[in-house]
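For reference, run.pdb (PDB, C-alpha atoms and all ligand atoms):
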```
MODEL        1
ATOM      1  CA  MET A 268      25.757  41.740 -32.054
ATOM      2  CA  ALA A 269      23.377  41.220 -29.168
ATOM      3  CA  LYS A 270      22.784  37.876 -27.510
ATOM      4  CA  ILE A 271      19.289  36.668 -28.425
ATOM      5  CA  ILE A 272      17.562  35.444 -25.261
ATOM      6  CA  ASP A 273      15.841  32.199 -26.239
ATOM      7  CA  GLY A 274      12.570  32.215 -24.291
ATOM      8  CA  LYS A 275      11.363  29.074 -26.028
ATOM      9  CA  ALA A 276      14.373  27.018 -24.913
ATOM     10  CA  ILE A 277      14.259  28.424 -21.366
ATOM     11  CA  SER A 278      10.510  27.797 -21.076
ATOM     12  CA  ASN A 279      10.972  24.215 -22.335
ATOM     13  CA  ALA A 280      13.654  23.632 -19.702
ATOM     14  CA  ILE A 281      11.306  24.956 -16.994
ATOM     15  CA  LYS A 282       8.440  22.765 -18.221
ATOM     16  CA  ASP A 283      10.709  19.707 -18.097
ATOM     17  CA  GLU A 284      11.744  20.549 -14.530
ATOM     18  CA  LEU A 285       8.085  20.927 -13.551
ATOM     19  CA  LYS A 286       7.170  17.637 -15.259
ATOM     20  CA  GLU A 287       9.781  15.854 -13.164
ATOM     21  CA  TYR A 288       8.491  17.567 -10.005
ATOM     22  CA  VAL A 289       4.878  16.615 -10.775
ATOM     23  CA  GLU A 290       5.867  12.969 -11.425
ATOM     24  CA  LYS A 291       7.640  12.869  -8.053
ATOM     25  CA  LYS A 292       4.623  14.349  -6.281
ATOM     26  CA  LYS A 293       2.277  11.885  -8.008
ATOM     27  CA  LYS A 294       4.228   9.040  -6.424
ATOM     28  CA  GLU A 295       3.376  10.626  -3.053
ATOM     29  CA  GLY A 296      -0.302  10.670  -4.120
ATOM     30  CA  LYS A 297      -0.313  14.458  -4.672
ATOM     31  CA  THR A 298      -1.775  16.138  -7.762
ATOM     32  CA  ALA A 299      -2.705  19.555  -9.168
ATOM     33  CA  ASN A 300      -5.873  20.336 -11.114
ATOM     34  CA  LEU A 301      -6.436  23.552 -13.048
ATOM     35  CA  ALA A 302      -9.957  24.766 -13.899
ATOM     36  CA  VAL A 303      -9.933  26.899 -17.054
ATOM     37  CA  VAL A 304     -12.998  29.103 -17.553
ATOM     38  CA  GLN A 305     -13.677  30.660 -20.966
ATOM     39  CA  VAL A 306     -16.618  32.905 -21.797
ATOM     40  CA  GLY A 307     -17.608  33.068 -25.473
ATOM     41  CA  ASN A 308     -15.462  31.733 -28.308
ATOM     42  CA  ASP A 309     -13.090  34.536 -29.232
ATOM     43  CA  PRO A 310     -10.523  32.775 -31.493
ATOM     44  CA  ALA A 311      -7.472  34.358 -29.802
ATOM     45  CA  SER A 312      -8.760  33.332 -26.339
ATOM     46  CA  SER A 313      -9.404  29.800 -27.610
ATOM     47  CA  VAL A 314      -5.786  29.563 -28.817
ATOM     48  CA  TYR A 315      -4.481  30.736 -25.403
ATOM     49  CA  VAL A 316      -6.791  28.338 -23.528
ATOM     50  CA  ASN A 317      -5.730  25.391 -25.716
ATOM     51  CA  ASN A 318      -2.046  26.192 -25.232
ATOM     52  CA  LYS A 319      -2.548  26.270 -21.471
ATOM     53  CA  LYS A 320      -4.366  22.927 -21.507
ATOM     54  CA  LYS A 321      -1.638  21.413 -23.703
ATOM     55  CA  ALA A 322       1.044  22.595 -21.266
ATOM     56  CA  CYS A 323      -0.907  21.053 -18.366
ATOM     57  CA  ALA A 324      -1.120  17.737 -20.234
ATOM     58  CA  TYR A 325       2.629  17.788 -20.976
ATOM     59  CA  ILE A 326       3.576  18.441 -17.360
ATOM     60  CA  GLY A 327       0.998  16.078 -15.863
ATOM     61  CA  ILE A 328      -1.316  18.650 -14.308
ATOM     62  CA  GLY A 329      -5.019  17.826 -14.583
ATOM     63  CA  SER A 330      -7.138  20.407 -16.367
ATOM     64  CA  SER A 331     -10.871  20.830 -16.773
ATOM     65  CA  SER A 332     -12.601  23.270 -19.122
ATOM     66  CA  TYR A 333     -15.675  25.333 -18.402
ATOM     67  CA  GLU A 334     -16.912  26.912 -21.627
ATOM     68  CA  LEU A 335     -19.691  29.413 -21.054
ATOM     69  CA  PRO A 336     -21.726  31.167 -23.760
ATOM     70  CA  GLU A 337     -20.959  34.806 -24.650
ATOM     71  CA  ASP A 338     -24.274  35.929 -23.090
ATOM     72  CA  VAL A 339     -23.780  34.186 -19.730
ATOM     73  CA  THR A 340     -24.739  36.519 -16.884
ATOM     74  CA  GLN A 341     -22.162  37.788 -14.420
ATOM     75  CA  GLU A 342     -24.122  36.081 -11.663
ATOM     76  CA  GLU A 343     -23.888  32.686 -13.367
ATOM     77  CA  LEU A 344     -20.132  33.128 -13.847
ATOM     78  CA  LEU A 345     -19.687  34.114 -10.184
ATOM     79  CA  LEU A 346     -21.704  31.047  -9.109
ATOM     80  CA  LEU A 347     -19.395  28.790 -11.142
ATOM     81  CA  ILE A 348     -16.310  30.387  -9.554
ATOM     82  CA  ASP A 349     -17.862  29.919  -6.122
ATOM     83  CA  ARG A 350     -18.363  26.228  -6.875
ATOM     84  CA  LEU A 351     -14.769  25.867  -8.093
ATOM     85  CA  ASN A 352     -13.473  27.711  -5.004
ATOM     86  CA  LYS A 353     -15.197  25.137  -2.793
ATOM     87  CA  ASP A 354     -14.161  22.099  -4.873
ATOM     88  CA  GLU A 355     -11.222  20.509  -3.043
ATOM     89  CA  GLU A 356     -10.090  18.667  -6.193
ATOM     90  CA  ILE A 357      -9.463  21.988  -7.974
ATOM     91  CA  THR A 358      -6.114  23.534  -6.942
ATOM     92  CA  GLY A 359      -6.027  26.408  -9.469
ATOM     93  CA  ILE A 360      -8.619  28.584 -11.228
ATOM     94  CA  LEU A 361      -8.018  30.616 -14.366
ATOM     95  CA  VAL A 362     -10.614  32.831 -16.023
ATOM     96  CA  GLN A 363      -9.456  33.692 -19.543
ATOM     97  CA  LEU A 364      -9.508  37.461 -20.152
ATOM     98  CA  PRO A 365     -10.843  39.598 -21.726
ATOM     99  CA  LEU A 366     -14.440  38.990 -20.669
ATOM    100  CA  PRO A 367     -17.468  40.352 -22.598
ATOM    101  CA  ALA A 368     -18.314  43.993 -21.843
ATOM    102  CA  HIS A 369     -21.378  43.166 -19.688
ATOM    103  CA  ILE A 370     -19.171  41.359 -17.143
ATOM    104  CA  ASN A 371     -17.013  43.306 -14.698
ATOM    105  CA  GLU A 372     -13.519  41.769 -14.767
ATOM    106  CA  ASP A 373     -12.518  43.179 -11.379
ATOM    107  CA  THR A 374     -15.564  41.605  -9.714
ATOM    108  CA  VAL A 375     -14.744  38.243 -11.296
ATOM    109  CA  ILE A 376     -11.065  38.385 -10.304
ATOM    110  CA  ARG A 377     -12.002  39.278  -6.716
ATOM    111  CA  LYS A 378     -14.347  36.284  -6.558
ATOM    112  CA  ILE A 379     -11.530  33.770  -7.175
ATOM    113  CA  ASP A 380     -10.111  32.264  -3.972
ATOM    114  CA  PRO A 381      -6.690  34.024  -3.672
ATOM    115  CA  GLY A 382      -5.199  30.625  -2.776
ATOM    116  CA  LYS A 383      -6.274  29.263  -6.196
ATOM    117  CA  ASP A 384      -5.581  32.449  -8.203
ATOM    118  CA  VAL A 385      -2.817  31.044 -10.449
ATOM    119  CA  ASP A 386      -2.852  34.186 -12.635
ATOM    120  CA  GLY A 387      -1.870  36.267  -9.590
ATOM    121  CA  PHE A 388      -4.422  39.001 -10.376
ATOM    122  CA  HIS A 389      -6.414  38.989  -7.082
ATOM    123  CA  PRO A 390      -5.780  42.134  -4.972
ATOM    124  CA  MET A 391      -4.626  39.901  -2.070
ATOM    125  CA  ASN A 392      -1.857  38.446  -4.246
ATOM    126  CA  VAL A 393      -0.974  41.851  -5.707
ATOM    127  CA  GLY A 394      -0.747  43.208  -2.145
ATOM    128  CA  ALA A 395       1.403  40.258  -1.022
ATOM    129  CA  LEU A 396       3.865  40.997  -3.823
ATOM    130  CA  SER A 397       4.145  44.647  -2.864
ATOM    131  CA  ILE A 398       4.931  43.876   0.804
ATOM    132  CA  GLY A 399       7.258  40.991  -0.035
ATOM    133  CA  GLU A 400       5.014  38.167   1.183
ATOM    134  CA  ASP A 401       4.448  34.837  -0.545
ATOM    135  CA  GLY A 402       1.575  34.584  -3.000
ATOM    136  CA  PHE A 403       0.815  34.032  -6.653
ATOM    137  CA  VAL A 404       2.714  36.432  -8.924
ATOM    138  CA  SER A 405       1.522  37.546 -12.371
ATOM    139  CA  CYS A 406       3.033  35.134 -14.919
ATOM    140  CA  THR A 407       4.535  37.463 -17.553
ATOM    141  CA  PRO A 408       6.704  39.577 -15.222
ATOM    142  CA  GLN A 409       7.643  36.463 -13.224
ATOM    143  CA  GLY A 410       8.752  34.894 -16.522
ATOM    144  CA  ILE A 411      10.922  37.915 -17.315
ATOM    145  CA  ILE A 412      12.766  37.587 -13.996
ATOM    146  CA  GLU A 413      13.386  33.891 -14.836
ATOM    147  CA  LEU A 414      14.645  34.852 -18.318
ATOM    148  CA  LEU A 415      17.116  37.320 -16.810
ATOM    149  CA  LYS A 416      18.318  34.930 -14.102
ATOM    150  CA  ARG A 417      18.718  31.960 -16.412
ATOM    151  CA  SER A 418      20.639  34.173 -18.879
ATOM    152  CA  ASP A 419      23.027  35.186 -16.045
ATOM    153  CA  ILE A 420      21.970  38.832 -16.241
ATOM    154  CA  GLU A 421      22.584  40.615 -12.939
ATOM    155  CA  ILE A 422      19.636  42.691 -11.653
ATOM    156  CA  SER A 423      20.921  43.780  -8.253
ATOM    157  CA  GLY A 424      22.124  47.371  -8.205
ATOM    158  CA  ARG A 425      21.361  47.988 -11.871
ATOM    159  CA  GLU A 426      19.198  50.695 -13.419
ATOM    160  CA  CYS A 427      15.942  49.064 -14.530
ATOM    161  CA  VAL A 428      13.408  51.037 -16.575
ATOM    162  CA  VAL A 429       9.936  49.595 -17.185
ATOM    163  CA  ILE A 430       7.756  51.244 -19.845
ATOM    164  CA  GLY A 431       4.100  50.517 -19.011
ATOM    165  CA  ARG A 432       2.209  50.508 -15.718
ATOM    166  CA  SER A 433      -0.578  47.976 -16.289
ATOM    167  CA  ASN A 434      -1.704  45.835 -13.355
ATOM    168  CA  ILE A 435      -0.809  42.673 -15.270
ATOM    169  CA  VAL A 436       2.664  43.567 -16.562
ATOM    170  CA  GLY A 437       4.188  46.966 -15.727
ATOM    171  CA  LYS A 438       3.399  47.301 -12.016
ATOM    172  CA  PRO A 439       4.223  43.714 -10.940
ATOM    173  CA  MET A 440       7.355  43.901 -13.132
ATOM    174  CA  ALA A 441       8.528  46.958 -11.208
ATOM    175  CA  MET A 442       7.845  45.248  -7.852
ATOM    176  CA  LEU A 443       9.745  42.106  -8.885
ATOM    177  CA  LEU A 444      12.767  44.060 -10.138
ATOM    178  CA  LEU A 445      12.734  45.961  -6.846
ATOM    179  CA  ARG A 446      12.588  42.652  -4.958
ATOM    180  CA  GLU A 447      15.728  41.644  -6.891
ATOM    181  CA  ASN A 448      17.390  44.874  -5.713
ATOM    182  CA  GLY A 449      17.241  46.720  -9.032
ATOM    183  CA  THR A 450      16.934  50.522  -9.056
ATOM    184  CA  VAL A 451      13.568  50.850 -10.751
ATOM    185  CA  THR A 452      11.911  53.598 -12.797
ATOM    186  CA  VAL A 453       8.397  53.142 -14.222
ATOM    187  CA  CYS A 454       7.397  55.116 -17.352
ATOM    188  CA  HIS A 455       3.958  55.593 -18.910
ATOM    189  CA  SER A 456       2.121  57.734 -21.439
ATOM    190  CA  ARG A 457       2.617  60.916 -19.365
ATOM    191  CA  THR A 458       6.358  60.434 -18.844
ATOM    192  CA  LYS A 459       8.355  63.405 -20.067
ATOM    193  CA  ASN A 460      11.617  62.867 -21.976
ATOM    194  CA  LEU A 461      10.938  59.149 -22.384
ATOM    195  CA  LYS A 462      14.033  58.646 -24.552
ATOM    196  CA  GLU A 463      16.359  60.157 -21.962
ATOM    197  CA  VAL A 464      14.816  58.140 -19.126
ATOM    198  CA  CYS A 465      15.057  54.913 -21.141
ATOM    199  CA  LYS A 466      18.681  55.646 -22.029
ATOM    200  CA  ARG A 467      19.546  55.389 -18.322
ATOM    201  CA  ALA A 468      18.509  51.734 -18.293
ATOM    202  CA  ASP A 469      20.882  48.803 -17.928
ATOM    203  CA  ILE A 470      17.735  46.670 -18.220
ATOM    204  CA  LEU A 471      14.854  48.079 -20.289
ATOM    205  CA  VAL A 472      11.500  46.269 -20.095
ATOM    206  CA  VAL A 473       9.042  47.417 -22.761
ATOM    207  CA  ALA A 474       5.305  46.747 -22.255
ATOM    208  CA  ILE A 475       3.541  49.540 -24.122
ATOM    209  CA  GLY A 476       1.315  47.807 -26.658
ATOM    210  CA  LYS A 477       2.633  49.885 -29.613
ATOM    211  CA  PRO A 478       4.278  47.930 -32.464
ATOM    212  CA  LYS A 479       8.026  48.663 -32.904
ATOM    213  CA  MET A 480       7.823  51.957 -30.994
ATOM    214  CA  ILE A 481      11.180  51.567 -29.275
ATOM    215  CA  ASP A 482      14.170  52.087 -31.580
ATOM    216  CA  HIS A 483      17.901  52.510 -30.829
ATOM    217  CA  GLU A 484      17.393  56.116 -29.729
ATOM    218  CA  TYR A 485      15.782  54.818 -26.518
ATOM    219  CA  VAL A 486      18.505  52.287 -25.761
ATOM    220  CA  LYS A 487      21.849  52.767 -24.029
ATOM    221  CA  GLU A 488      24.760  50.994 -25.718
ATOM    222  CA  GLY A 489      25.100  47.561 -24.111
ATOM    223  CA  ALA A 490      21.709  47.547 -22.338
ATOM    224  CA  VAL A 491      19.517  44.435 -21.969
ATOM    225  CA  VAL A 492      16.170  44.857 -23.765
ATOM    226  CA  ILE A 493      13.095  42.802 -22.841
ATOM    227  CA  ASP A 494      10.175  43.125 -25.269
ATOM    228  CA  VAL A 495       6.779  42.171 -23.818
ATOM    229  CA  GLY A 496       4.679  43.471 -26.725
ATOM    230  CA  ILE A 497       3.052  41.153 -29.211
ATOM    231  CA  HIS A 498       1.364  42.317 -32.408
ATOM    232  CA  ARG A 499       0.289  40.682 -35.653
ATOM    233  CA  MET A 500       1.540  42.756 -38.624
ATOM    234  CA  GLU A 501      -0.251  43.094 -41.969
ATOM    235  CA  ASN A 502       2.064  40.485 -43.507
ATOM    236  CA  GLY A 503       0.852  37.995 -40.886
ATOM    237  CA  LYS A 504       4.152  37.961 -38.951
ATOM    238  CA  LEU A 505       4.450  38.843 -35.259
ATOM    239  CA  CYS A 506       6.412  41.785 -33.895
ATOM    240  CA  GLY A 507       6.945  43.373 -30.490
ATOM    241  CA  ASP A 508       6.945  46.879 -29.015
ATOM    242  CA  VAL A 509      10.656  47.080 -29.884
ATOM    243  CA  ASP A 510      12.057  47.584 -33.389
ATOM    244  CA  PHE A 511      14.219  44.458 -33.102
ATOM    245  CA  ASP A 512      16.406  45.005 -36.185
ATOM    246  CA  ASP A 513      17.157  48.604 -35.255
ATOM    247  CA  VAL A 514      17.897  47.935 -31.564
ATOM    248  CA  CYS A 515      19.837  44.678 -31.954
ATOM    249  CA  SER A 516      23.225  46.254 -32.720
ATOM    250  CA  HIS A 517      22.918  48.642 -29.741
ATOM    251  CA  CYS A 518      22.206  46.230 -26.908
ATOM    252  CA  SER A 519      24.035  43.354 -25.223
ATOM    253  CA  ALA A 520      21.000  41.053 -25.062
ATOM    254  CA  ILE A 521      17.433  41.154 -26.374
ATOM    255  CA  THR A 522      14.300  38.986 -26.413
ATOM    256  CA  PRO A 523      12.834  38.240 -29.854
ATOM    257  CA  VAL A 524       9.122  38.261 -30.761
ATOM    258  CA  PRO A 525       7.997  35.532 -31.105
ATOM    259  CA  GLY A 526      10.103  33.231 -28.923
ATOM    260  CA  GLY A 527      11.060  35.598 -26.103
ATOM    261  CA  VAL A 528       8.710  36.604 -23.299
ATOM    262  CA  GLY A 529       5.591  34.877 -24.724
ATOM    263  CA  PRO A 530       6.528  31.242 -24.019
ATOM    264  CA  MET A 531       7.620  32.183 -20.490
ATOM    265  CA  THR A 532       4.124  33.323 -19.559
ATOM    266  CA  ILE A 533       2.726  29.797 -19.923
ATOM    267  CA  ALA A 534       5.761  28.233 -18.227
ATOM    268  CA  MET A 535       5.191  30.488 -15.212
ATOM    269  CA  LEU A 536       1.477  29.690 -15.191
ATOM    270  CA  MET A 537       2.471  26.023 -14.926
ATOM    271  CA  ASN A 538       4.914  26.946 -12.176
ATOM    272  CA  ASN A 539       2.076  28.642 -10.278
ATOM    273  CA  CYS A 540      -0.150  25.570 -10.751
ATOM    274  CA  CYS A 541       2.579  23.388  -9.248
ATOM    275  CA  LYS A 542       2.711  25.522  -6.092
ATOM    276  CA  ASN A 543      -0.539  23.995  -4.885
ATOM    277  CA  ILE A 544       0.180  20.303  -5.376
ATOM    278  CA  SER A 545      -1.269  18.530  -2.385
TER     279      SER A 545
HETATM  280  P1  LIG A 601      -1.777  48.099 -21.435
HETATM  281  O1  LIG A 601      -2.386  48.674 -22.651
HETATM  282  O2  LIG A 601      -2.634  47.700 -20.287
HETATM  283  O3  LIG A 601      -0.675  49.120 -20.863
HETATM  284  C1  LIG A 601       0.171  49.836 -21.709
HETATM  285  C2  LIG A 601       1.023  50.770 -20.903
HETATM  286  O4  LIG A 601       1.888  51.458 -21.797
HETATM  287  C3  LIG A 601       0.237  51.819 -20.124
HETATM  288  O5  LIG A 601       0.745  51.952 -18.823
HETATM  289  C4  LIG A 601       0.440  53.100 -20.946
HETATM  290  O6  LIG A 601       0.498  54.278 -20.154
HETATM  291  C5  LIG A 601       1.810  52.855 -21.548
HETATM  292  N1  LIG A 601       1.970  53.593 -22.798
HETATM  293  C6  LIG A 601       1.122  53.609 -23.859
HETATM  294  N2  LIG A 601       1.598  54.420 -24.809
HETATM  295  C7  LIG A 601       2.755  54.937 -24.342
HETATM  296  C8  LIG A 601       3.701  55.850 -24.853
HETATM  297  N3  LIG A 601       3.561  56.407 -26.077
HETATM  298  N4  LIG A 601       4.771  56.153 -24.101
HETATM  299  C9  LIG A 601       4.940  55.593 -22.883
HETATM  300  N5  LIG A 601       4.071  54.722 -22.329
HETATM  301  C10 LIG A 601       2.986  54.401 -23.062
HETATM  302  O7  LIG A 601      -0.908  46.859 -21.950
HETATM  303  P2  LIG A 601      -0.346  45.549 -21.185
HETATM  304  O8  LIG A 601       0.583  45.915 -20.108
HETATM  305  O9  LIG A 601      -1.457  44.607 -20.886
HETATM  306  O10 LIG A 601       0.467  44.888 -22.405
HETATM  307  C11 LIG A 601       1.535  45.546 -23.042
HETATM  308  C12 LIG A 601       1.949  44.753 -24.261
HETATM  309  O11 LIG A 601       2.389  43.467 -23.860
HETATM  310  C13 LIG A 601       0.827  44.491 -25.275
HETATM  311  O12 LIG A 601       1.408  44.479 -26.576
HETATM  312  C14 LIG A 601       0.343  43.100 -24.935
HETATM  313  O13 LIG A 601      -0.210  42.424 -26.043
HETATM  314  C15 LIG A 601       1.636  42.455 -24.511
HETATM  315  N6  LIG A 601       1.486  41.331 -23.572
HETATM  316  C16 LIG A 601       2.207  40.206 -23.842
HETATM  317  C17 LIG A 601       2.173  39.144 -22.982
HETATM  318  C18 LIG A 601       3.009  37.965 -23.284
HETATM  319  O14 LIG A 601       2.795  36.901 -22.722
HETATM  320  N7  LIG A 601       4.014  38.096 -24.147
HETATM  321  C19 LIG A 601       1.309  39.147 -21.775
HETATM  322  C20 LIG A 601       0.651  40.413 -21.530
HETATM  323  C21 LIG A 601       0.744  41.449 -22.428
HETATM  324  P3  LIG A 601      -0.784  54.849 -19.323
HETATM  325  O15 LIG A 601      -0.905  53.973 -18.112
HETATM  326  O16 LIG A 601      -0.382  56.234 -19.011
HETATM  327  O17 LIG A 601      -1.956  54.725 -20.249
ENDMDL
END
```
Translate this file's structure into structure tokens.
Ligand code: NDP
Amino acid sequence: MAKIIDGKAISNAIKDELKEYVEKKKKEGKTANLAVVQVGNDPASSVYVNNKKKACAYIGIGSSSYELPEDVTQEELLLLIDRLNKDEEITGILVQLPLPAHINEDTVIRKIDPGKDVDGFHPMNVGALSIGEDGFVSCTPQGIIELLKRSDIEISGRECVVIGRSNIVGKPMAMLLLRENGTVTVCHSRTKNLKEVCKRADILVVAIGKPKMIDHEYVKEGAVVIDVGIHRMENGKLCGDVDFDDVCSHCSAITPVPGGVGPMTIAMLMNNCCKNIS
């Protein structure tokens, strides 16, 4: 039976460490303040935004909300970001995605000061990651590295296969595994013989966006399986990109959905916010 990697417990431990760090910094008169920008009132986005604000409150990071109407113009949004960039009190800026179709997400991301880009999406931060320089790193893949390290799973020298090449998950995941000296293969929708490639993996990271697509036929006996996917099924329950029940008996360790990668994303966002305490 596989070890179930408890992302909730690990993320709680990280949040407690950060809380202690923030309290110490406060005594030195140093604080962090996150500006959270939401456009429209998509219910899923509102849940994410509230969870982020709750985590800030728990750790002791200040947070301020900027709620803009669905029909706000791109120009108005860019003006707000410009104001937040210049505001010395604000140490981190987060624009909740997705944005309405009339707003270009790339333009918005590029407008955020890279030094306040706690999501790690700005091209300057993406570039820094790929050449091994310091910068903000995308939270979900950063959280996966933490999950592996805190579960004593060796990365160095091991075969790591990432399914998915998105800018937010797949690509930064590959760069981080490479930074940890893994031997990395990235798969996507055009990959041939996906099963065979996946079966090479000691560590298989799945970020496809297809419910339960990965079953035991993709998994080498004893591999570590990290499931990034998150989907709401018809019965109201959540599932991942991995068929958990089918894969469980084949692997040595696996992340559940919910309670695996998801909670780590917020913990790493908080970690990024704490980088700028001054
Ligand atoms: P994207 O849709 O941006 O990317 C999906 C990737 O999977 C693409 O690279 C695509 O290939 C590849 N892919 C799609 N179908 C196949 C297939 N049949 N075989 C092989 N590769 C395939 O998704 P994201 O990276 O943003 O997210 C992935 C999943 O993770 C989603 O379920 C999302 O909800 C979840 N997620 C969870 C987070 C968390 O905190 N837990 C955070 C972020 C995402 P191609 O490039 O060729 O199209």
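This file gives the following result for the PyMOL selection byres (((chain A and resi 364) around 9) and not hetatm): A:Gln305, A:Val306, A:Ser312, A:Val362, A:Gln363, A:Pro365, A:Leu366, A:Pro367, A:Glu372.
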Exercise for the section: Would you write out, as a count of residues only, every residue that the PyMOL selection byres (((not hetatm)) within 10 of (chain A and resi 601)) captures in this file? Expected result: 55
Exercise for the section: Starting from the displayed file, determine the output of the PyMOL selection byres (((chain A and resi 351) around 12) and not hetatm) and express the residue list as a PyMOL selection string. Expected result: chain A and resi 300-304+331-333+344-350+352-362+378-380+382-384
Distance query region 284-295 of chain A at most 6 Å, all atoms listed in the file, self and fewer than 3 positions along chain excluded, as a PDB file with C-alpha atoms, in the coordinates of the input:
```pdb
ATOM      1  CA  ILE A 281      11.306  24.956 -16.994  1.00  0.00           C
ATOM      2  CA  THR A 298      -1.775  16.138  -7.762  1.00  0.00           C
ATOM      3  CA  ILE A 326       3.576  18.441 -17.360  1.00  0.00           C
TER       4      ILE A 326
END
```
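Within 9 Å of the file-frame point (21.8, 50.8, -25.9), and using only C-alpha atoms, the polymer residues found are A:Lys466, A:Ala468, A:Asp469, A:His483, A:Glu484, A:Tyr485, A:Val486, A:Lys487, A:Glu488, A:Gly489, A:Ala490, A:Val491, A:Val492, A:Val514, A:Cys515, A:Ser516, A:His517, A:Cys518, A:Ser519.
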Completion exercise
Between A:Asp482, A:Glu337, A:Asp419, A:Asp283, smallest distance to Asn538 (chain A) by only C-alpha atoms belongs to A:Asp283
Contacts of Leu415 (chain A) within 12 Å, only C-alpha atoms, excl. fewer than 3 positions in-chain, as a short mmCIF file (atom, residue, chain, number, x, y, z; two decimals) with C-alpha atoms, in the coordinates of the input:
```cif
data_model
loop_
_atom_site.label_atom_id
_atom_site.label_comp_id
_atom_site.auth_asym_id
_atom_site.auth_seq_id
_atom_site.Cartn_x
_atom_site.Cartn_y
_atom_site.Cartn_z
CA ILE A 271 19.29 36.67 -28.42
CA ILE A 272 17.56 35.44 -25.26
CA ASP A 273 15.84 32.20 -26.24
CA GLY A 274 12.57 32.22 -24.29
CA ILE A 277 14.26 28.42 -21.37
CA PRO A 408 6.70 39.58 -15.22
CA GLN A 409 7.64 36.46 -13.22
CA GLY A 410 8.75 34.89 -16.52
CA ILE A 411 10.92 37.92 -17.32
CA ILE A 412 12.77 37.59 -14.00
CA SER A 418 20.64 34.17 -18.88
CA ASP A 419 23.03 35.19 -16.05
CA ILE A 420 21.97 38.83 -16.24
CA GLU A 421 22.58 40.62 -12.94
CA ILE A 422 19.64 42.69 -11.65
CA SER A 423 20.92 43.78 -8.25
CA LEU A 443 9.74 42.11 -8.88
CA LEU A 444 12.77 44.06 -10.14
CA GLU A 447 15.73 41.64 -6.89
CA ILE A 470 17.74 46.67 -18.22
CA LEU A 471 14.85 48.08 -20.29
CA VAL A 472 11.50 46.27 -20.10
CA VAL A 491 19.52 44.44 -21.97
CA VAL A 492 16.17 44.86 -23.76
CA ILE A 493 13.10 42.80 -22.84
CA ALA A 520 21.00 41.05 -25.06
CA ILE A 521 17.43 41.15 -26.37
CA THR A 522 14.30 38.99 -26.41
CA GLY A 527 11.06 35.60 -26.10
CA VAL A 528 8.71 36.60 -23.30
CA MET A 531 7.62 32.18 -20.49
#
```
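Separating CA of Val464 (chain A) from CA of Pro523 (chain A) is a distance of 22.7 Å.
Taking CA of Phe388 (chain A) and CA of Lys542 (chain A) as the two end points, the separation is 15.8 Å.
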Handout entry: Residues near Gln341 (chain A), cut-off 9 Å, all atoms listed in the file, skip fewer than 4 positions along chain, as a list of chain:residue names
Key = A:Leu345, A:Leu346, A:His369, A:Ile370, A:Asn371, A:Thr374, A:Val375
Practice task
To one decimal in Å, tell me the separation between CA of Phe403 (chain A) and CA of Ile544 (chain A).
Solution key: 13.8 Å
Each side padded by 3 Å, which centre and which edge lengths in Å (one decimal) define the axis-aligned box around the listed atoms of region 483-499 of chain A? Give them as AutoDock Vina command-line options.
```
--center_x 12.7 --center_y 48.4 --center_z -28.8 --size_x 30.8 --size_y 21.4 --size_z 19.7
```
Exercise for the section: With a distance cut-off of 9 Å and all atoms listed in the file, select the neighbouring residues of Ser397 (chain A), excluding the residue or stretch itself and same-chain residues fewer than 3 positions from it, and output the selection as an MDAnalysis selection string. Expected result: chainID A and resid 392:394 400 439 442:443 446
Fill in the blank from the handout: Of A:Arg377, A:Lys270, A:Lys282, A:Lys275, the one nearest to Leu536 (chain A) when counting all atoms listed in the file is A:Lys282
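Residues lying within 8 Å of Thr452 (chain A), counting only C-alpha atoms and ignoring same-chain neighbours fewer than 4 positions away, are Glu426, Cys427, Val428, Val429 and Ala441 of chain A.
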May I have the residues from that selection written out with C-alpha atoms, as a PDB file, keeping the file's coordinate frame?
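Writing the result to result_32.pdb gives the following:
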```pdb
ATOM      1  CA  GLU A 426      19.198  50.695 -13.419  1.00  0.00           C
ATOM      2  CA  CYS A 427      15.942  49.064 -14.530  1.00  0.00           C
ATOM      3  CA  VAL A 428      13.408  51.037 -16.575  1.00  0.00           C
ATOM      4  CA  VAL A 429       9.936  49.595 -17.185  1.00  0.00           C
ATOM      5  CA  ALA A 441       8.528  46.958 -11.208  1.00  0.00           C
TER       6      ALA A 441
END
```
